[in-house]
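Containing mmCIF, C-alpha atoms: data22.cif.
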data_run
loop_
_atom_site.group_PDB
_atom_site.id
_atom_site.type_symbol
_atom_site.label_atom_id
_atom_site.label_comp_id
_atom_site.auth_asym_id
_atom_site.auth_seq_id
_atom_site.Cartn_x
_atom_site.Cartn_y
_atom_site.Cartn_z
ATOM 1 C CA MET A 1190 67.360 94.173 118.365
ATOM 2 C CA LYS A 1191 70.589 96.127 118.599
ATOM 3 C CA GLY A 1192 73.313 96.737 121.123
ATOM 4 C CA ASP A 1193 76.788 95.588 122.116
ATOM 5 C CA LEU A 1194 75.375 92.197 123.137
ATOM 6 C CA PHE A 1195 74.689 91.432 119.462
ATOM 7 C CA SER A 1196 78.069 92.593 118.161
ATOM 8 C CA SER A 1197 80.498 90.270 116.375
ATOM 9 C CA ARG A 1198 82.417 89.975 119.634
ATOM 10 C CA HIS A 1199 79.682 87.814 121.117
ATOM 11 C CA MET A 1200 78.042 86.299 118.033
ATOM 12 C CA VAL A 1201 78.812 82.607 117.443
ATOM 13 C CA ARG A 1202 80.060 81.626 113.988
ATOM 14 C CA ALA A 1203 79.645 78.214 112.399
ATOM 15 C CA ALA A 1204 82.461 75.752 113.116
ATOM 16 C CA THR A 1205 84.959 75.397 110.265
ATOM 17 C CA GLU A 1206 86.332 71.983 111.284
ATOM 18 C CA PRO A 1207 85.525 69.216 113.761
ATOM 19 C CA GLY A 1208 87.118 69.160 117.176
ATOM 20 C CA MET A 1209 87.942 71.533 120.008
ATOM 21 C CA SER A 1210 88.415 75.281 119.745
ATOM 22 C CA VAL A 1211 88.357 78.351 121.992
ATOM 23 C CA GLU A 1212 85.022 80.183 121.698
ATOM 24 C CA ASN A 1213 86.069 82.920 124.115
ATOM 25 C CA ALA A 1214 88.159 83.279 127.267
ATOM 26 C CA LYS A 1215 85.549 81.481 129.385
ATOM 27 C CA CYS A 1216 84.178 78.859 127.003
ATOM 28 C CA LEU A 1217 85.350 76.111 124.654
ATOM 29 C CA ARG A 1218 83.436 74.783 121.666
ATOM 30 C CA TYR A 1219 83.619 71.210 120.448
ATOM 31 C CA ALA A 1220 82.319 70.322 116.977
ATOM 32 C CA VAL A 1221 81.466 66.661 117.542
ATOM 33 C CA ASP A 1222 81.621 64.146 114.723
ATOM 34 C CA GLY A 1223 81.565 60.855 116.568
ATOM 35 C CA GLU A 1224 82.560 61.122 120.226
ATOM 36 C CA MET A 1225 84.327 63.289 122.799
ATOM 37 C CA TYR A 1226 84.603 63.460 126.599
ATOM 38 C CA ALA A 1227 83.858 66.306 129.010
ATOM 39 C CA ARG A 1228 83.415 66.814 132.721
ATOM 40 C CA GLN A 1229 79.870 66.229 133.897
ATOM 41 C CA GLY A 1230 77.797 69.403 134.067
ATOM 42 C CA ALA A 1231 80.133 71.416 131.803
ATOM 43 C CA MET A 1232 77.691 71.754 128.890
ATOM 44 C CA VAL A 1233 76.182 75.263 128.653
ATOM 45 C CA ALA A 1234 74.638 74.940 125.157
ATOM 46 C CA HIS A 1235 74.519 72.543 122.223
ATOM 47 C CA ARG A 1236 72.909 72.048 118.838
ATOM 48 C CA GLY A 1237 72.671 69.173 116.418
ATOM 49 C CA ASP A 1238 72.064 65.476 117.020
ATOM 50 C CA LEU A 1239 74.014 64.838 120.243
ATOM 51 C CA ARG A 1240 73.607 62.387 123.112
ATOM 52 C CA PHE A 1241 75.077 62.909 126.579
ATOM 53 C CA GLU A 1242 75.897 59.846 128.660
ATOM 54 C CA ARG A 1243 77.701 59.397 131.949
ATOM 55 C CA LYS A 1244 81.065 57.720 131.368
ATOM 56 C CA GLY A 1245 81.954 55.037 133.899
ATOM 57 C CA GLN A 1246 85.525 54.400 134.985
ATOM 58 C CA GLY A 1247 85.122 50.747 135.904
ATOM 59 C CA VAL A 1248 85.718 49.175 139.296
ATOM 60 C CA GLY A 1249 89.394 50.176 139.371
ATOM 61 C CA GLY A 1250 88.603 53.810 138.656
ATOM 62 C CA MET A 1251 85.882 53.884 141.303
ATOM 63 C CA LEU A 1252 88.255 52.456 143.900
ATOM 64 C CA LYS A 1253 90.937 55.008 143.028
ATOM 65 C CA ARG A 1254 88.436 57.843 143.417
ATOM 66 C CA ALA A 1255 87.234 56.495 146.753
ATOM 67 C CA VAL A 1256 90.781 56.199 148.108
ATOM 68 C CA THR A 1257 92.383 59.307 146.598
ATOM 69 C CA GLY A 1258 89.532 61.773 146.267
ATOM 70 C CA GLU A 1259 90.886 62.525 142.800
ATOM 71 C CA GLY A 1260 88.725 61.659 139.859
ATOM 72 C CA LEU A 1261 87.184 62.897 136.647
ATOM 73 C CA PRO A 1262 83.390 62.711 136.714
ATOM 74 C CA LEU A 1263 83.047 62.417 132.938
ATOM 75 C CA MET A 1264 80.325 62.335 130.341
ATOM 76 C CA ALA A 1265 80.603 61.068 126.789
ATOM 77 C CA VAL A 1266 79.121 63.265 124.053
ATOM 78 C CA ARG A 1267 78.221 61.298 120.935
ATOM 79 C CA GLY A 1268 76.713 62.140 117.560
ATOM 80 C CA ARG A 1269 77.101 65.119 115.231
ATOM 81 C CA GLY A 1270 76.711 68.706 116.345
ATOM 82 C CA GLU A 1271 78.288 71.422 118.447
ATOM 83 C CA VAL A 1272 78.573 71.716 122.219
ATOM 84 C CA TRP A 1273 79.786 74.663 124.281
ATOM 85 C CA LEU A 1274 81.580 73.869 127.528
ATOM 86 C CA ALA A 1275 82.496 76.007 130.539
ATOM 87 C CA HIS A 1276 83.013 75.727 134.298
ATOM 88 C CA GLU A 1277 82.248 78.491 136.811
ATOM 89 C CA ALA A 1278 83.385 81.207 134.363
ATOM 90 C CA GLN A 1279 86.994 80.062 134.714
ATOM 91 C CA ASN A 1280 89.462 80.821 131.919
ATOM 92 C CA CYS A 1281 89.742 78.111 129.253
ATOM 93 C CA PHE A 1282 92.827 76.850 127.427
ATOM 94 C CA VAL A 1283 93.622 74.138 124.880
ATOM 95 C CA VAL A 1284 96.713 71.922 125.157
ATOM 96 C CA GLU A 1285 97.845 70.309 121.887
ATOM 97 C CA MET A 1286 99.373 66.937 122.719
ATOM 98 C CA GLU A 1287 101.571 65.021 120.299
ATOM 99 C CA PRO A 1288 102.700 61.378 120.290
ATOM 100 C CA GLY A 1289 105.049 60.812 123.225
ATOM 101 C CA ASP A 1290 103.733 63.751 125.262
ATOM 102 C CA ARG A 1291 102.627 63.076 128.833
ATOM 103 C CA PHE A 1292 101.012 65.781 130.933
ATOM 104 C CA THR A 1293 99.888 65.485 134.540
ATOM 105 C CA VAL A 1294 97.030 67.714 135.660
ATOM 106 C CA GLY A 1295 94.667 68.001 138.603
ATOM 107 C CA GLY A 1296 91.229 66.614 137.778
ATOM 108 C CA ARG A 1297 89.511 69.847 138.841
ATOM 109 C CA HIS A 1298 91.251 71.639 135.942
ATOM 110 C CA VAL A 1299 90.071 69.266 133.183
ATOM 111 C CA LEU A 1300 87.154 70.493 131.049
ATOM 112 C CA CYS A 1301 87.148 68.181 128.019
ATOM 113 C CA PHE A 1302 89.403 66.088 125.802
ATOM 114 C CA ASP A 1303 89.599 64.154 122.548
ATOM 115 C CA PRO A 1304 88.802 60.428 122.642
ATOM 116 C CA SER A 1305 92.270 59.778 121.195
ATOM 117 C CA LEU A 1306 93.768 60.768 124.572
ATOM 118 C CA SER A 1307 93.970 58.352 127.486
ATOM 119 C CA TYR A 1308 94.377 59.112 131.183
ATOM 120 C CA GLU A 1309 95.078 57.377 134.452
ATOM 121 C CA ILE A 1310 95.029 58.545 138.063
ATOM 122 C CA ARG A 1311 98.442 58.393 139.717
ATOM 123 C CA THR A 1312 100.079 59.337 142.987
ATOM 124 C CA VAL A 1313 102.490 62.232 142.594
ATOM 125 C CA LYS A 1314 105.974 60.796 143.141
ATOM 126 C CA GLY A 1315 107.597 62.038 146.318
ATOM 127 C CA SER A 1316 104.386 63.457 147.800
ATOM 128 C CA GLY A 1317 104.409 60.968 150.655
ATOM 129 C CA ILE A 1318 101.695 59.720 152.940
ATOM 130 C CA THR A 1319 102.324 62.477 155.492
ATOM 131 C CA ALA A 1320 101.085 65.093 153.018
ATOM 132 C CA GLY A 1321 97.765 63.325 152.706
ATOM 133 C CA GLY A 1322 98.810 62.168 149.265
ATOM 134 C CA LEU A 1323 98.794 64.137 146.021
ATOM 135 C CA PHE A 1324 96.937 62.573 143.098
ATOM 136 C CA ASN A 1325 96.731 63.779 139.510
ATOM 137 C CA SER A 1326 95.470 62.522 136.162
ATOM 138 C CA VAL A 1327 98.212 61.732 133.644
ATOM 139 C CA PHE A 1328 97.169 62.277 130.007
ATOM 140 C CA SER A 1329 98.992 60.740 127.063
ATOM 141 C CA GLY A 1330 98.439 60.239 123.352
ATOM 142 C CA SER A 1331 97.826 62.591 120.465
ATOM 143 C CA GLY A 1332 94.975 65.102 120.598
ATOM 144 C CA ARG A 1333 93.602 68.132 122.400
ATOM 145 C CA LEU A 1334 93.007 68.631 126.102
ATOM 146 C CA GLY A 1335 90.774 71.463 127.323
ATOM 147 C CA LEU A 1336 91.664 72.967 130.707
ATOM 148 C CA VAL A 1337 90.138 75.544 133.046
ATOM 149 C CA CYS A 1338 91.965 77.815 135.447
ATOM 150 C CA GLU A 1339 90.989 80.671 137.750
ATOM 151 C CA GLY A 1340 92.760 83.665 136.217
ATOM 152 C CA ASP A 1341 95.609 83.695 133.714
ATOM 153 C CA PRO A 1342 98.068 80.874 134.474
ATOM 154 C CA LEU A 1343 101.831 81.114 134.685
ATOM 155 C CA VAL A 1344 103.820 78.659 132.550
ATOM 156 C CA ILE A 1345 107.231 78.350 134.198
ATOM 157 C CA PRO A 1346 110.143 76.553 132.487
ATOM 158 C CA VAL A 1347 111.872 73.963 134.686
ATOM 159 C CA SER A 1348 115.442 72.702 134.308
ATOM 160 C CA ALA A 1349 117.772 70.419 136.223
ATOM 161 C CA GLU A 1350 119.840 73.462 137.236
ATOM 162 C CA GLN A 1351 116.813 75.572 138.210
ATOM 163 C CA PRO A 1352 114.109 73.564 139.972
ATOM 164 C CA VAL A 1353 110.784 75.274 140.622
ATOM 165 C CA TYR A 1354 108.864 75.188 143.904
ATOM 166 C CA VAL A 1355 105.073 75.529 143.692
ATOM 167 C CA ASP A 1356 102.225 75.726 146.159
ATOM 168 C CA THR A 1357 100.341 72.430 145.997
ATOM 169 C CA ASP A 1358 97.032 74.365 146.054
ATOM 170 C CA ALA A 1359 98.051 76.583 143.115
ATOM 171 C CA VAL A 1360 99.583 74.085 140.674
ATOM 172 C CA VAL A 1361 97.534 73.187 137.575
ATOM 173 C CA GLY A 1362 99.804 70.624 135.921
ATOM 174 C CA TRP A 1363 103.281 69.855 134.655
ATOM 175 C CA SER A 1364 105.297 67.818 132.182
ATOM 176 C CA GLU A 1365 105.201 64.205 133.329
ATOM 177 C CA SER A 1366 108.953 63.908 132.692
ATOM 178 C CA LEU A 1367 109.705 66.174 135.673
ATOM 179 C CA GLU A 1368 110.854 64.709 138.976
ATOM 180 C CA THR A 1369 108.703 65.702 141.960
ATOM 181 C CA SER A 1370 109.279 65.814 145.709
ATOM 182 C CA LEU A 1371 108.001 67.732 148.708
ATOM 183 C CA HIS A 1372 110.127 70.609 149.968
ATOM 184 C CA ARG A 1373 109.823 72.055 153.475
ATOM 185 C CA SER A 1374 110.681 75.751 153.512
ATOM 186 C CA GLN A 1375 110.123 76.386 157.228
ATOM 187 C CA SER A 1376 112.004 75.213 160.249
ATOM 188 C CA ILE A 1377 110.199 73.326 163.016
ATOM 189 C CA GLY A 1378 110.688 76.345 165.277
ATOM 190 C CA SER A 1379 109.033 78.660 162.756
ATOM 191 C CA MET A 1380 106.092 76.286 162.354
ATOM 192 C CA LEU A 1381 105.608 76.136 166.141
ATOM 193 C CA ARG A 1382 105.477 79.938 166.225
ATOM 194 C CA GLY A 1383 102.671 79.949 163.649
ATOM 195 C CA GLY A 1384 104.753 79.928 160.484
ATOM 196 C CA SER A 1385 104.230 81.880 157.285
ATOM 197 C CA GLY A 1386 101.485 79.666 155.860
ATOM 198 C CA GLU A 1387 103.897 78.391 153.186
ATOM 199 C CA ALA A 1388 105.424 75.420 155.004
ATOM 200 C CA VAL A 1389 105.541 72.820 152.193
ATOM 201 C CA GLN A 1390 105.832 73.120 148.433
ATOM 202 C CA LEU A 1391 106.076 70.688 145.549
ATOM 203 C CA MET A 1392 109.552 70.785 143.996
ATOM 204 C CA LEU A 1393 109.869 70.007 140.289
ATOM 205 C CA ARG A 1394 113.213 69.292 138.673
ATOM 206 C CA GLY A 1395 114.253 68.217 135.166
ATOM 207 C CA GLU A 1396 113.363 69.469 131.714
ATOM 208 C CA GLY A 1397 109.808 70.673 131.099
ATOM 209 C CA VAL A 1398 107.239 73.202 132.298
ATOM 210 C CA VAL A 1399 104.894 73.646 135.238
ATOM 211 C CA VAL A 1400 101.574 75.513 134.991
ATOM 212 C CA VAL A 1401 100.494 77.510 138.048
ATOM 213 C CA ARG A 1402 97.328 79.473 138.600
ATOM 214 C CA PRO A 1403 97.528 82.925 140.256
ATOM 215 C CA SER A 1404 95.613 81.837 143.360
ATOM 216 C CA GLU A 1405 95.451 79.012 145.838
ATOM 217 C CA LEU A 1406 92.666 76.444 145.780
ATOM 218 C CA THR A 1407 89.291 77.859 146.790
ATOM 219 C CA GLN A 1408 86.386 75.895 148.163
ATOM 220 C CA HIS A 1409 84.280 74.411 145.352
ATOM 221 C CA LYS A 1410 80.850 72.920 145.446
ATOM 222 C CA PRO A 1411 80.887 69.105 145.616
ATOM 223 C CA GLN A 1412 81.021 67.468 142.172
ATOM 224 C CA GLN A 1413 78.450 64.992 141.061
ATOM 225 C CA HIS A 1414 79.710 61.418 140.867
#
Rendering of file as structure tokens:
Amino acid sequence: MKGDLFSSRHMVRAATEPGMSVENAKCLRYAVDGEMYARQGAMVAHRGDLRFERKGQGVGGMLKRAVTGEGLPLMAVRGRGEVWLAHEAQNCFVVEMEPGDRFTVGGRHVLCFDPSLSYEIRTVKGSGITAGGLFNSVFSGSGRLGLVCEGDPLVIPVSAEQPVYVDTDAVVGWSESLETSLHRSQSIGSMLRGGSGEAVQLMLRGEGVVVVRPSELTQHKPQQH
């Protein structure tokens, strides 16, 4: 058989080292030699001697998910082999985390991560009860974190002198060191007249970066739990 489909652009090459890598813009590959974690349902292909098991979060994690609506429905992939991971043809990216790094990210943007990383679900500081609560997963440790995003994200530097205001439905994640609070950009009178649709944003201040996707949150199919 011949054709562009079978060109080197699409042909998979053997992995050169264990761990996570970008296969193409829409897919990550993980060469497993032991264990790794991925969101449930993200596997699109695999080869080798691999086992896929649902990863529980314990009673505390289940309670947090029930209360916050934020959670990571995870599976553990164990053994030796290769697995390809994707989610709804969204763009894929790899974050290299080093000791001391802490990155907060919405659970819907997490695709996979090394077992050397740990995470916990936290309330975003300053979000307040009136906003319905904002909850993200905070990752820490040394290793790689695979993320998905609709479109090409914007990585915006944040400083104490120049805070950044982001739509809560468009933000992917940010440096955990940043201070967060809700910012109202419309007056009560404007809101009563219908407003602009951009009434409240998340303000980030400090030293770090914020990652924003070029669209607001769209309706997704319910995740399996």
Report task. Apply the PyMOL selection byres ((chain A and resi 1220) around 12) to the structure shown and report the selected residues as a PyMOL selection string. Result -> chain A and resi 1202-1212+1217-1219+1221-1225+1235-1239+1266-1274+1303
Report task. Just give me the gap between CA of Met1392 (chain A) and CA of Val1299 (chain A) in Å, one decimal is fine. Result -> 22.3 Å
Report task. Excluding Asp1290 (chain A) and residues on its chain fewer than 2 positions from it, collect all residues at most 8 Å away from it, counting all atoms listed in the file, and give them as a ChimeraX atom specification. Result -> /A:1286-1288,1292,1329-1331
Please produce an output containing C-alpha atoms for each residue in the selection, written as a compact mmCIF listing (two decimals), keeping the file's coordinate frame.
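Generated file (out16.txt):
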# COMPACT_ATOMS: atom_id res chain seq x y z
CA MET A 1286 99.37 66.94 122.72
CA GLU A 1287 101.57 65.02 120.30
CA PRO A 1288 102.70 61.38 120.29
CA PHE A 1292 101.01 65.78 130.93
CA SER A 1329 98.99 60.74 127.06
CA GLY A 1330 98.44 60.24 123.35
CA SER A 1331 97.83 62.59 120.46
Query raised in the report: Expanded to explicit residues, what is the PyMOL selection byres ((chain A and resi 1393-1408) around 8) for this file, as a PyMOL selection string?
Result: chain A and resi 1338-1356+1358-1364+1366-1370+1391-1392+1409-1410
Requested in this report: Using all atoms listed in the file, collect all residues at a distance of at most 6 Å from (94.5, 70.9, 123.7) as written in the file, then present them as a list in words.
Outcome: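 Every residue inside that radius is included here: Val1283, Val1284, Glu1285, Arg1333, Leu1334 and Gly1335 of chain A.
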Those selected residues, please, written with C-alpha atoms and delivered as a PDB file, in the coordinates of the input.
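After the write, selection-v4.pdb holds the following:
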ATOM      1  CA  VAL A1283      93.622  74.138 124.880  1.00  0.00           C
ATOM      2  CA  VAL A1284      96.713  71.922 125.157  1.00  0.00           C
ATOM      3  CA  GLU A1285      97.845  70.309 121.887  1.00  0.00           C
ATOM      4  CA  ARG A1333      93.602  68.132 122.400  1.00  0.00           C
ATOM      5  CA  LEU A1334      93.007  68.631 126.102  1.00  0.00           C
ATOM      6  CA  GLY A1335      90.774  71.463 127.323  1.00  0.00           C
TER       7      GLY A1335
END
Report task. In the coordinates of the file, take the point (96.1, 67.0, 138.9) and a cut-off of 7 Å; then, counting all atoms listed in the file, name each qualifying protein, DNA or RNA residue as a ChimeraX atom specification. Result -> /A:1293-1296,1324-1326,1361-1362
**Report entry** Non-local contacts of Ala1231 (chain A) (9 Å; only C-alpha atoms; under 4 positions in same chain excluded) as a PyMOL selection string
**Finding:** chain A and resi 1227+1273-1277+1300-1301
Report summary line: Of A:Ser1307, A:Ser1196, A:Thr1357, A:Leu1336, the one nearest to Gln1279 (chain A) when counting all atoms listed in the file is A:Leu1336
Requested in this report: Tell me which of A:His1372, A:Phe1328, A:Met1232, A:Val1201 sits closest to Phe1302 (chain A), counting all atoms listed in the file.
Outcome: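 Selected residue with least distance to Phe1302 (chain A): A:Phe1328.
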Query raised in the report: In Å, with one decimal, what is the gap from CA of Ala1265 (chain A) to CA of Gly1332 (chain A)?
Result: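 Interatomic distance here is 16.2 Å.
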Report task. May I ask for the distance between CA of Gln1390 (chain A) and CA of Ile1310 (chain A), given in Å to one decimal place? Result ->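 Calculated distance between CA of Gln1390 (chain A) and CA of Ile1310 (chain A) is 20.9 Å.
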Report task. Can you work out which one of A:Thr1312, A:Gln1229, A:Asn1213, A:Ser1305 has the shortest atom-to-atom distance to Asn1280 (chain A), counting all atoms listed in the file? Result ->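 For Asn1280 (chain A), the nearest of the given residues is A:Asn1213.
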Query raised in the report: Which is closest to Arg1373 (chain A) among A:Val1337, A:Arg1228, A:Ser1197, A:Val1389, if we use all atoms listed in the file?
Result: A:Val1389
Query - Residue nearest Cys1281 (chain A) among A:Leu1306, A:Val1327, A:Ala1234, A:Ala1214 (counting all atoms listed in the file) - result: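 Among A:Leu1306, A:Val1327, A:Ala1234, A:Ala1214, it is A:Ala1214 that comes nearest to Cys1281 (chain A).
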Can you complete the atoms of region 1265-1291 of chain A to N, CA and C atoms and list them as a PDB file, in the frame of the given file?
ATOM      1  N   ALA A1265      80.280  61.248 128.199  1.00  0.00           N
ATOM      2  CA  ALA A1265      80.603  61.068 126.789  1.00  0.00           C
ATOM      3  C   ALA A1265      79.557  61.814 125.962  1.00  0.00           C
ATOM      4  N   VAL A1266      80.016  62.558 124.968  1.00  0.00           N
ATOM      5  CA  VAL A1266      79.121  63.265 124.053  1.00  0.00           C
ATOM      6  C   VAL A1266      79.273  62.610 122.691  1.00  0.00           C
ATOM      7  N   ARG A1267      78.160  62.072 122.176  1.00  0.00           N
ATOM      8  CA  ARG A1267      78.221  61.298 120.935  1.00  0.00           C
ATOM      9  C   ARG A1267      77.214  61.838 119.924  1.00  0.00           C
ATOM     10  N   GLY A1268      77.591  61.717 118.647  1.00  0.00           N
ATOM     11  CA  GLY A1268      76.713  62.140 117.560  1.00  0.00           C
ATOM     12  C   GLY A1268      77.401  63.160 116.677  1.00  0.00           C
ATOM     13  N   ARG A1269      76.578  64.037 116.076  1.00  0.00           N
ATOM     14  CA  ARG A1269      77.101  65.119 115.231  1.00  0.00           C
ATOM     15  C   ARG A1269      76.437  66.412 115.640  1.00  0.00           C
ATOM     16  N   GLY A1270      77.239  67.416 115.923  1.00  0.00           N
ATOM     17  CA  GLY A1270      76.711  68.706 116.345  1.00  0.00           C
ATOM     18  C   GLY A1270      77.789  69.510 117.038  1.00  0.00           C
ATOM     19  N   GLU A1271      77.369  70.547 117.735  1.00  0.00           N
ATOM     20  CA  GLU A1271      78.288  71.422 118.447  1.00  0.00           C
ATOM     21  C   GLU A1271      77.863  71.533 119.903  1.00  0.00           C
ATOM     22  N   VAL A1272      78.847  71.542 120.798  1.00  0.00           N
ATOM     23  CA  VAL A1272      78.573  71.716 122.219  1.00  0.00           C
ATOM     24  C   VAL A1272      79.521  72.772 122.774  1.00  0.00           C
ATOM     25  N   TRP A1273      78.983  73.633 123.621  1.00  0.00           N
ATOM     26  CA  TRP A1273      79.786  74.663 124.281  1.00  0.00           C
ATOM     27  C   TRP A1273      79.965  74.273 125.740  1.00  0.00           C
ATOM     28  N   LEU A1274      81.209  74.375 126.214  1.00  0.00           N
ATOM     29  CA  LEU A1274      81.580  73.869 127.528  1.00  0.00           C
ATOM     30  C   LEU A1274      82.254  74.962 128.351  1.00  0.00           C
ATOM     31  N   ALA A1275      81.901  75.024 129.638  1.00  0.00           N
ATOM     32  CA  ALA A1275      82.496  76.007 130.539  1.00  0.00           C
ATOM     33  C   ALA A1275      82.360  75.490 131.964  1.00  0.00           C
ATOM     34  N   HIS A1276      83.099  76.125 132.897  1.00  0.00           N
ATOM     35  CA  HIS A1276      83.013  75.727 134.298  1.00  0.00           C
ATOM     36  C   HIS A1276      83.249  76.937 135.188  1.00  0.00           C
ATOM     37  N   GLU A1277      82.186  77.413 135.823  1.00  0.00           N
ATOM     38  CA  GLU A1277      82.248  78.491 136.811  1.00  0.00           C
ATOM     39  C   GLU A1277      82.964  79.738 136.289  1.00  0.00           C
ATOM     40  N   ALA A1278      82.790  80.021 135.002  1.00  0.00           N
ATOM     41  CA  ALA A1278      83.385  81.207 134.363  1.00  0.00           C
ATOM     42  C   ALA A1278      84.905  81.259 134.514  1.00  0.00           C
ATOM     43  N   GLN A1279      85.540  80.095 134.672  1.00  0.00           N
ATOM     44  CA  GLN A1279      86.994  80.062 134.714  1.00  0.00           C
ATOM     45  C   GLN A1279      87.564  80.211 133.300  1.00  0.00           C
ATOM     46  N   ASN A1280      88.810  80.664 133.213  1.00  0.00           N
ATOM     47  CA  ASN A1280      89.462  80.821 131.919  1.00  0.00           C
ATOM     48  C   ASN A1280      89.740  79.454 131.302  1.00  0.00           C
ATOM     49  N   CYS A1281      89.603  79.379 129.976  1.00  0.00           N
ATOM     50  CA  CYS A1281      89.742  78.111 129.253  1.00  0.00           C
ATOM     51  C   CYS A1281      90.977  78.134 128.349  1.00  0.00           C
ATOM     52  N   PHE A1282      91.629  76.973 128.250  1.00  0.00           N
ATOM     53  CA  PHE A1282      92.827  76.850 127.427  1.00  0.00           C
ATOM     54  C   PHE A1282      92.838  75.475 126.763  1.00  0.00           C
ATOM     55  N   VAL A1283      93.508  75.393 125.613  1.00  0.00           N
ATOM     56  CA  VAL A1283      93.622  74.138 124.880  1.00  0.00           C
ATOM     57  C   VAL A1283      95.093  73.728 124.830  1.00  0.00           C
ATOM     58  N   VAL A1284      95.365  72.486 125.237  1.00  0.00           N
ATOM     59  CA  VAL A1284      96.713  71.922 125.157  1.00  0.00           C
ATOM     60  C   VAL A1284      96.756  70.950 123.980  1.00  0.00           C
ATOM     61  N   GLU A1285      97.659  71.193 123.036  1.00  0.00           N
ATOM     62  CA  GLU A1285      97.845  70.309 121.887  1.00  0.00           C
ATOM     63  C   GLU A1285      98.885  69.253 122.255  1.00  0.00           C
ATOM     64  N   MET A1286      98.459  68.003 122.352  1.00  0.00           N
ATOM     65  CA  MET A1286      99.373  66.937 122.719  1.00  0.00           C
ATOM     66  C   MET A1286      99.754  66.131 121.492  1.00  0.00           C
ATOM     67  N   GLU A1287     101.038  65.789 121.416  1.00  0.00           N
ATOM     68  CA  GLU A1287     101.571  65.021 120.299  1.00  0.00           C
ATOM     69  C   GLU A1287     102.036  63.657 120.788  1.00  0.00           C
ATOM     70  N   PRO A1288     102.241  62.700 119.872  1.00  0.00           N
ATOM     71  CA  PRO A1288     102.700  61.378 120.290  1.00  0.00           C
ATOM     72  C   PRO A1288     103.950  61.465 121.162  1.00  0.00           C
ATOM     73  N   GLY A1289     103.929  60.778 122.295  1.00  0.00           N
ATOM     74  CA  GLY A1289     105.049  60.812 123.225  1.00  0.00           C
ATOM     75  C   GLY A1289     104.890  61.809 124.349  1.00  0.00           C
ATOM     76  N   ASP A1290     103.971  62.782 124.199  1.00  0.00           N
ATOM     77  CA  ASP A1290     103.733  63.751 125.262  1.00  0.00           C
ATOM     78  C   ASP A1290     102.980  63.094 126.411  1.00  0.00           C
ATOM     79  N   ARG A1291     103.338  63.494 127.630  1.00  0.00           N
ATOM     80  CA  ARG A1291     102.627  63.076 128.833  1.00  0.00           C
ATOM     81  C   ARG A1291     102.504  64.288 129.741  1.00  0.00           C
TER      82      ARG A1291
END
